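Visitor: Please read through the structure below; I'll follow up with questions.
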Amino acid sequence: LVDQRTDIWSFGVVLYEMLTGQLPFRGVYEQAIMYAIVNEEPEPLSRHRAEVATGLQHIIGKALDKDPATRYQHIDDLLADLKSPTEARASSSANKIKPNLLQRRRTFLYGSIAAFLILLIAGGLYFFSKRSKTFETIAVLPLANLSGDPQQEYFADGMTEAVITELAKVKALRVISRTSVMQFKNTTKSLPEIAQQLNVDAIVEGSVVRSGDLVRITAQLIEAKTDQHLWANTYERDLREVLTLQRQVALAITHEIQIKLTPQEQARLGDARPVNLEAYELYLLGLKYRDMDTFGTKPQAVHYLERSIAIDPNFAPAYASLVMPYFLSGIDNPEKTENKARQIAAKALQLDEMNAEAHTALGLIREIYDWDWAGAEEEFKRAIELNANSKDAHYEYALFLCRMGKADEGLIEIKRARELDPLSETVNAVAVWVYCFNRQHDQAIEQGQKALKLNPKSAIILEKLAEAYLRQGFYKEALAVYETDLVDLNRFQLGFLGCAYALSGMRDKALKILGELQAQQQRGDYSKEIIALIYIGLGEKNEALTLLENACNEHSIFLIHFMLDPLFDPLRAEPRFQALLKKMRLEK
């Protein structure tokens, strides 16, 4: 537990470093330091300073004991022992008639140190409290897997995400999302370099060891600018209590960075119910595939998460994590997934109404499936209210605002999403799209080019940059991206390429792509909006409007994505297009 014994351990670290000039636990890299804290004893203090009194060495050793039960239980106990060596030295010195000068200086030095610490503690100011600092931004780097089994990497990654999720519940903190921090797994970059990229004040790193049904997390807090280690501790629980363990670590971190929690936040970081071990294992595997930034892994995520809730039907985190991959895995066949996605979201909120992830998913369902704009906005706002650190909530709300014609507000939300997940390909790519919808095309292109420097081969960034070129009328640049940089174009990319050909006067090439997409449509693929885009480029408005009307009658889940796109401006004054906007309740 996080109690006074935790502070006493930190105090022991400070005492050791003050007397020797070295930390008690060392390593050539951070994971080695973590390993030393968990598994090794500090070098005897006498090896560095033989003249330090045996009593003082014993005090520091007891303060650093790994077992909280055998460590000092209260600061008063340590205070009493600190007094004893001081008094003993004073008595010993009085009995000597002519102590030499060196002995007098040493006696004075260590007596003064002990006396100073006694006064400091007695006055209620622990020496280590001077090292405590308040931070507003923090990143939890991937916890090292010290189990010795590479197959347990998913478990360590799951623990990392869980600590991030628990910290993210604290509104006063800005917590960097998983996508960005996982890019530093096994990195050789220094902590100040990482902190600069993520724009954070503090970094938490550590390790996970799983042994049988026990799990141990070691964490340490580091000031980003100075690379100064401010605090470290180890937490161990039965695996069935892993949710409580994760909250315990998050709570300790907020304590060390002096964040004042609201009563609601304290309650949310309290003890959680025990988990079913098999269900939890499957849940972590589901997260592994859910968090891969590709549509192809979503069915695997659904597979493991559904197995998890089959074993434990009341496991709220599994339900909340299942909604989005279920929604995305059925994106090409929404009739099969719509009702199930609703049921999962409803169950997730029934089990935990305060789950921001579930509210975000429900907002997406109400927006895409129902065209219930007021209901969708209510859910997105509720998600952000519950978790201001939810990158997904800010990201989806930004998209929603753009689709509602409020792209200026969407820029605020996507900026927040980028602050929380600065290295995310998806977030940086969507920022390009948001600038386009706000008709800031130069900024959109600039954002796309910057994002591409971070991820030069990112398909989604290349795609959004090409679209930005197209909307700005830079057809040559757009074609270069589609024809050279992107490979295996999907139907959306093909549609934009066809539009680019049409707008740049390459009618034959545009018609060829139009034929390919019409063939896909006959096979049942949802391509009407994309085909309409090519017709707009060709100047054939009636054909484009007919397709959009059909898409509206079929309640196409993609239609909302295009209605306010600047590329549809040639249709905007048409009465048939205005009728479509009114039917979708987008006329304002």
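As shown in the structure tokens, the chain order sets the letters A, B, ...; within each chain, residues go from 1, and ligands are also counted from 1 in the order they appear.
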Extract, using only C-alpha atoms, all DNA, RNA and protein residues at most 12 Å from His58 in chain A, discarding same-chain residues fewer than 4 positions from it, and format them as a list in words.
Guide: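 Once the nearby chain positions are removed, what remains is Gly12, Leu15, Tyr16, Pro44, Leu45, Ser46, Val52, Ala53, Thr54, Lys62, Ala63, Leu64, Asp65, Arg71, Tyr72, Leu78, Asp81, Leu82, Ser84 and Pro85 of chain A.
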Visitor: Can those selected residues be exported to a file as a tab-separated table (two decimals), in the first residue's frame so that it contains N, CA and C atoms?
Guide:
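Heads up, here's the output in result.tsv:
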```tsv
chain	number	residue	atom	x	y	z
A	12	GLY	N	15.17	6.75	2.76
A	12	GLY	CA	16.38	5.95	2.83
A	12	GLY	C	17.24	6.13	1.59
A	15	LEU	N	19.01	9.49	1.98
A	15	LEU	CA	20.09	9.40	2.97
A	15	LEU	C	21.32	8.71	2.36
A	16	TYR	N	21.08	7.59	1.68
A	16	TYR	CA	22.18	6.84	1.08
A	16	TYR	C	22.93	7.72	0.06
A	44	PRO	N	26.73	-2.31	0.49
A	44	PRO	CA	26.88	-1.81	1.86
A	44	PRO	C	27.43	-0.39	1.85
A	45	LEU	N	26.83	0.44	2.66
A	45	LEU	CA	27.22	1.84	2.70
A	45	LEU	C	28.68	1.99	3.09
A	46	SER	N	29.18	1.07	3.91
A	46	SER	CA	30.57	1.13	4.39
A	46	SER	C	31.58	0.94	3.26
A	52	VAL	N	31.46	5.86	8.31
A	52	VAL	CA	30.10	6.09	8.77
A	52	VAL	C	29.77	5.10	9.89
A	53	ALA	N	29.16	5.60	10.95
A	53	ALA	CA	28.86	4.77	12.11
A	53	ALA	C	27.99	3.58	11.74
A	54	THR	N	28.25	2.44	12.38
A	54	THR	CA	27.49	1.21	12.12
A	54	THR	C	26.01	1.44	12.37
A	62	LYS	N	17.67	-0.43	7.07
A	62	LYS	CA	16.30	-0.78	7.46
A	62	LYS	C	15.28	0.06	6.70
A	63	ALA	N	15.61	1.33	6.46
A	63	ALA	CA	14.70	2.19	5.69
A	63	ALA	C	14.55	1.70	4.25
A	64	LEU	N	15.61	1.05	3.71
A	64	LEU	CA	15.59	0.57	2.32
A	64	LEU	C	15.11	-0.87	2.18
A	65	ASP	N	14.67	-1.47	3.27
A	65	ASP	CA	14.25	-2.87	3.21
A	65	ASP	C	13.14	-3.03	2.19
A	71	ARG	N	10.44	-3.00	7.26
A	71	ARG	CA	10.93	-1.64	7.18
A	71	ARG	C	10.43	-0.87	8.41
A	72	TYR	N	10.95	0.31	8.67
A	72	TYR	CA	10.39	1.16	9.72
A	72	TYR	C	8.89	1.36	9.44
A	78	LEU	N	12.14	5.64	13.21
A	78	LEU	CA	13.40	6.03	12.60
A	78	LEU	C	14.04	7.18	13.37
A	81	ASP	N	15.84	5.91	16.44
A	81	ASP	CA	17.11	5.26	16.13
A	81	ASP	C	18.16	6.28	15.68
A	82	LEU	N	17.71	7.34	14.99
A	82	LEU	CA	18.66	8.36	14.58
A	82	LEU	C	19.28	9.07	15.79
A	84	SER	N	19.89	7.76	18.71
A	84	SER	CA	20.81	6.87	19.44
A	84	SER	C	22.24	6.95	18.94
A	85	PRO	N	22.52	6.84	17.61
A	85	PRO	CA	23.90	6.94	17.15
A	85	PRO	C	24.52	8.29	17.49
```
Visitor: Would you list the contacts of range 466-469 of chain A as JSON, numbers by chain, taking every protein, DNA or RNA residue within 10 Å and counting only C-alpha atoms, but skipping same-chain residues closer than 5 positions in sequence?
Guide: {"A": [432, 433, 435, 436, 437, 439, 440, 441, 442, 443, 444, 445, 446, 447, 448, 460, 461, 474, 475, 476, 477, 478, 479, 480, 481, 482, 485, 486, 493, 496, 497, 500, 567]}
Visitor: Separation of CA of Ile414 in chain A and CA of Tyr395 in chain A, in Å?
Guide: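 A separation of 5.7 Å between them.
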Visitor: Which residue out of A:Leu305, A:Ala393, A:Ala429, A:Ala224 has the minimum interatomic distance to Glu278 in chain A when only C-alpha atoms are used?
Guide: A:Leu305
Visitor: Within 7 Å of Leu239 in chain A, counting only C-alpha atoms, which residues qualify if same-chain residues fewer than 4 places away don't, as a list of chain:residue names?
Guide: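 Listed by chain and then number, they are A:Asp213, A:Leu214, A:Val215.
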Visitor: Counting only C-alpha atoms, what is within 7 Å of range 196-212 of chain A, bar same-chain residues fewer than 6 positions away, as a PDB file with C-alpha atoms, in the first residue's frame?
Guide:
```pdb
ATOM      1  CA  GLN A  31      15.340  -1.256 -17.010  1.00  0.00           C
ATOM      2  CA  MET A  34      14.244  -1.268 -12.146  1.00  0.00           C
ATOM      3  CA  PHE A 135       3.814  18.202 -12.569  1.00  0.00           C
ATOM      4  CA  GLU A 136       0.952  18.811 -14.970  1.00  0.00           C
ATOM      5  CA  THR A 137       1.982  16.549 -17.860  1.00  0.00           C
ATOM      6  CA  ILE A 138       3.194  12.979 -17.623  1.00  0.00           C
ATOM      7  CA  ALA A 139       4.021   9.990 -19.804  1.00  0.00           C
ATOM      8  CA  VAL A 140       4.120   6.349 -18.700  1.00  0.00           C
ATOM      9  CA  LEU A 141       6.727   4.573 -20.827  1.00  0.00           C
ATOM     10  CA  PRO A 142       6.275   0.881 -21.713  1.00  0.00           C
ATOM     11  CA  LEU A 143       6.845  -1.221 -18.615  1.00  0.00           C
ATOM     12  CA  ALA A 144       9.698  -3.676 -19.081  1.00  0.00           C
ATOM     13  CA  ASN A 145       8.820  -7.358 -19.147  1.00  0.00           C
ATOM     14  CA  LEU A 146      11.193  -8.918 -16.600  1.00  0.00           C
ATOM     15  CA  SER A 147       9.518 -12.324 -16.618  1.00  0.00           C
ATOM     16  CA  ALA A 156       3.525  -5.981 -19.788  1.00  0.00           C
ATOM     17  CA  THR A 218       7.991  -1.457 -10.006  1.00  0.00           C
ATOM     18  CA  ALA A 219       7.652   2.188 -10.963  1.00  0.00           C
ATOM     19  CA  GLN A 220       9.822   5.235 -10.693  1.00  0.00           C
ATOM     20  CA  LEU A 221       9.130   8.905 -11.312  1.00  0.00           C
ATOM     21  CA  ILE A 222      11.676  10.997 -13.221  1.00  0.00           C
ATOM     22  CA  GLU A 223      11.787  14.716 -13.823  1.00  0.00           C
ATOM     23  CA  ALA A 224      11.944  15.150 -17.591  1.00  0.00           C
ATOM     24  CA  PRO A 422       1.398  13.672 -30.401  1.00  0.00           C
TER      25      PRO A 422
END
```
Visitor: Please identify all polymer residues within 8 Å of Tyr319 in chain A, counting only C-alpha atoms, omitting same-chain residues fewer than 6 positions from it, and present them as a list in words.
Guide: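 After dropping sequence-adjacent residues, the list is Leu305, Ile309, Ile344, Ala345, Lys347 and Ala348 of chain A.
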Visitor: Please write the residues from the selection above to a file, keeping C-alpha atoms, as a PDB file, in the first residue's frame.
Guide:
```pdb
ATOM      1  CA  LEU A 305     -12.874  -9.848 -26.109  1.00  0.00           C
ATOM      2  CA  ILE A 309     -17.038 -11.661 -21.589  1.00  0.00           C
ATOM      3  CA  ILE A 344     -22.437  -4.102 -26.241  1.00  0.00           C
ATOM      4  CA  ALA A 345     -22.340  -0.338 -25.622  1.00  0.00           C
ATOM      5  CA  LYS A 347     -24.099  -3.406 -21.450  1.00  0.00           C
ATOM      6  CA  ALA A 348     -20.788  -1.595 -20.922  1.00  0.00           C
TER       7      ALA A 348
END
```
Visitor: Could you write out, as JSON, numbers by chain, all the residues of range 198-432 of chain A that DSSP marks as strand (DSSP E or B)?
Guide: {"A": [202, 203, 204, 205, 206, 207, 208, 209, 210, 211, 214, 215, 216, 217, 218, 219, 220, 221, 222, 223, 228, 229, 230, 231, 232, 233, 234, 235, 236, 237, 238]}
Visitor: Near range 407-413 of chain A, within 7 Å and counting only C-alpha atoms, which residues show up once chain neighbours fewer than 2 positions away are dropped, as a PyMOL selection string?
Guide: chain A and resi 394-395+397-399+401-402+405+415-417+434+437-438
Visitor: Where does range 140-245 of chain A meet range 258-261 of chain A within 9 Å, residue by residue, with the nearest atom pair and distance in Å to one decimal for each, counting only C-alpha atoms, listed by chain and rising number, as a tab-separated table?
Guide:
```
residue	atom	partner	partner_atom	distance
A:Val170	CA	A:Leu261	CA	7.0
A:Lys171	CA	A:Leu261	CA	8.6
A:Ala172	CA	A:Ile259	CA	7.2
A:Leu173	CA	A:Ile259	CA	7.9
```
Visitor: Would you output that residue set with N, CA and C atoms, as a compact mmCIF listing (two decimals), in the first residue's frame?
Guide:
```
# COMPACT_ATOMS: atom_id res chain seq x y z
N VAL A 170 -7.57 11.39 -13.87
CA VAL A 170 -7.29 12.59 -13.07
C VAL A 170 -7.31 13.81 -14.00
N LYS A 171 -8.29 14.67 -13.81
CA LYS A 171 -8.50 15.79 -14.73
C LYS A 171 -7.37 16.80 -14.70
N ALA A 172 -6.70 16.96 -13.57
CA ALA A 172 -5.64 17.97 -13.43
C ALA A 172 -4.36 17.57 -14.16
N LEU A 173 -4.29 16.34 -14.61
CA LEU A 173 -3.11 15.84 -15.31
C LEU A 173 -3.36 15.74 -16.81
```
Visitor: Which neighbours of range 540-545 of chain A fall inside 10 Å, counting only C-alpha atoms, when residues of the same chain fewer than 6 positions from it are skipped, and could you give them as a PyMOL selection string?
Guide: chain A and resi 528-534+551+568+570-571+574+576-577+580
Visitor: Rank A:Leu564, A:Leu351, A:Ala195, A:Leu581 by their smallest atom-to-atom distance to Phe400 in chain A, using only C-alpha atoms, and report the top residue only.
Guide: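 The shortest atom-to-atom distance to Phe400 in chain A comes from A:Leu564.
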Visitor: Identify, with DSSP run on backbone atoms, the residues in range 343-422 of chain A assigned to alpha helix (DSSP H), and express the list as JSON, numbers by chain.
Guide: {"A": [343, 344, 345, 346, 347, 348, 349, 350, 351, 356, 357, 358, 359, 360, 361, 362, 363, 364, 365, 366, 367, 368, 373, 374, 375, 376, 377, 378, 379, 380, 381, 382, 383, 384, 385, 386, 391, 392, 393, 394, 395, 396, 397, 398, 399, 400, 401, 402, 403, 407, 408, 409, 410, 411, 412, 413, 414, 415, 416, 417, 418, 419, 420]}
Visitor: Tell me which of A:Gln522, A:Thr234, A:Ser321, A:Asn355 sits closest to Asn39 in chain A, counting only C-alpha atoms.
Guide: A:Thr234
Visitor: In Å, with one decimal, what is the gap from CA of His359 in chain A to CA of Ala383 in chain A?
Guide: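 So the answer is 5.3 Å.
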Visitor: Let me make sure I understand: among A:Ser180, A:Ala232, A:Arg491, A:Asp149, which one has the smallest atom-to-atom distance to Pro24 in chain A if we use only C-alpha atoms?
Guide: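 Using only C-alpha atoms, the shortest distance to Pro24 in chain A belongs to A:Ala232.
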Visitor: Check the smallest atom-to-atom distance from each of A:Leu503, A:Lys457, A:His74, A:Arg26 to Thr484 in chain A using only C-alpha atoms, then report the winner.
Guide: A:Lys457
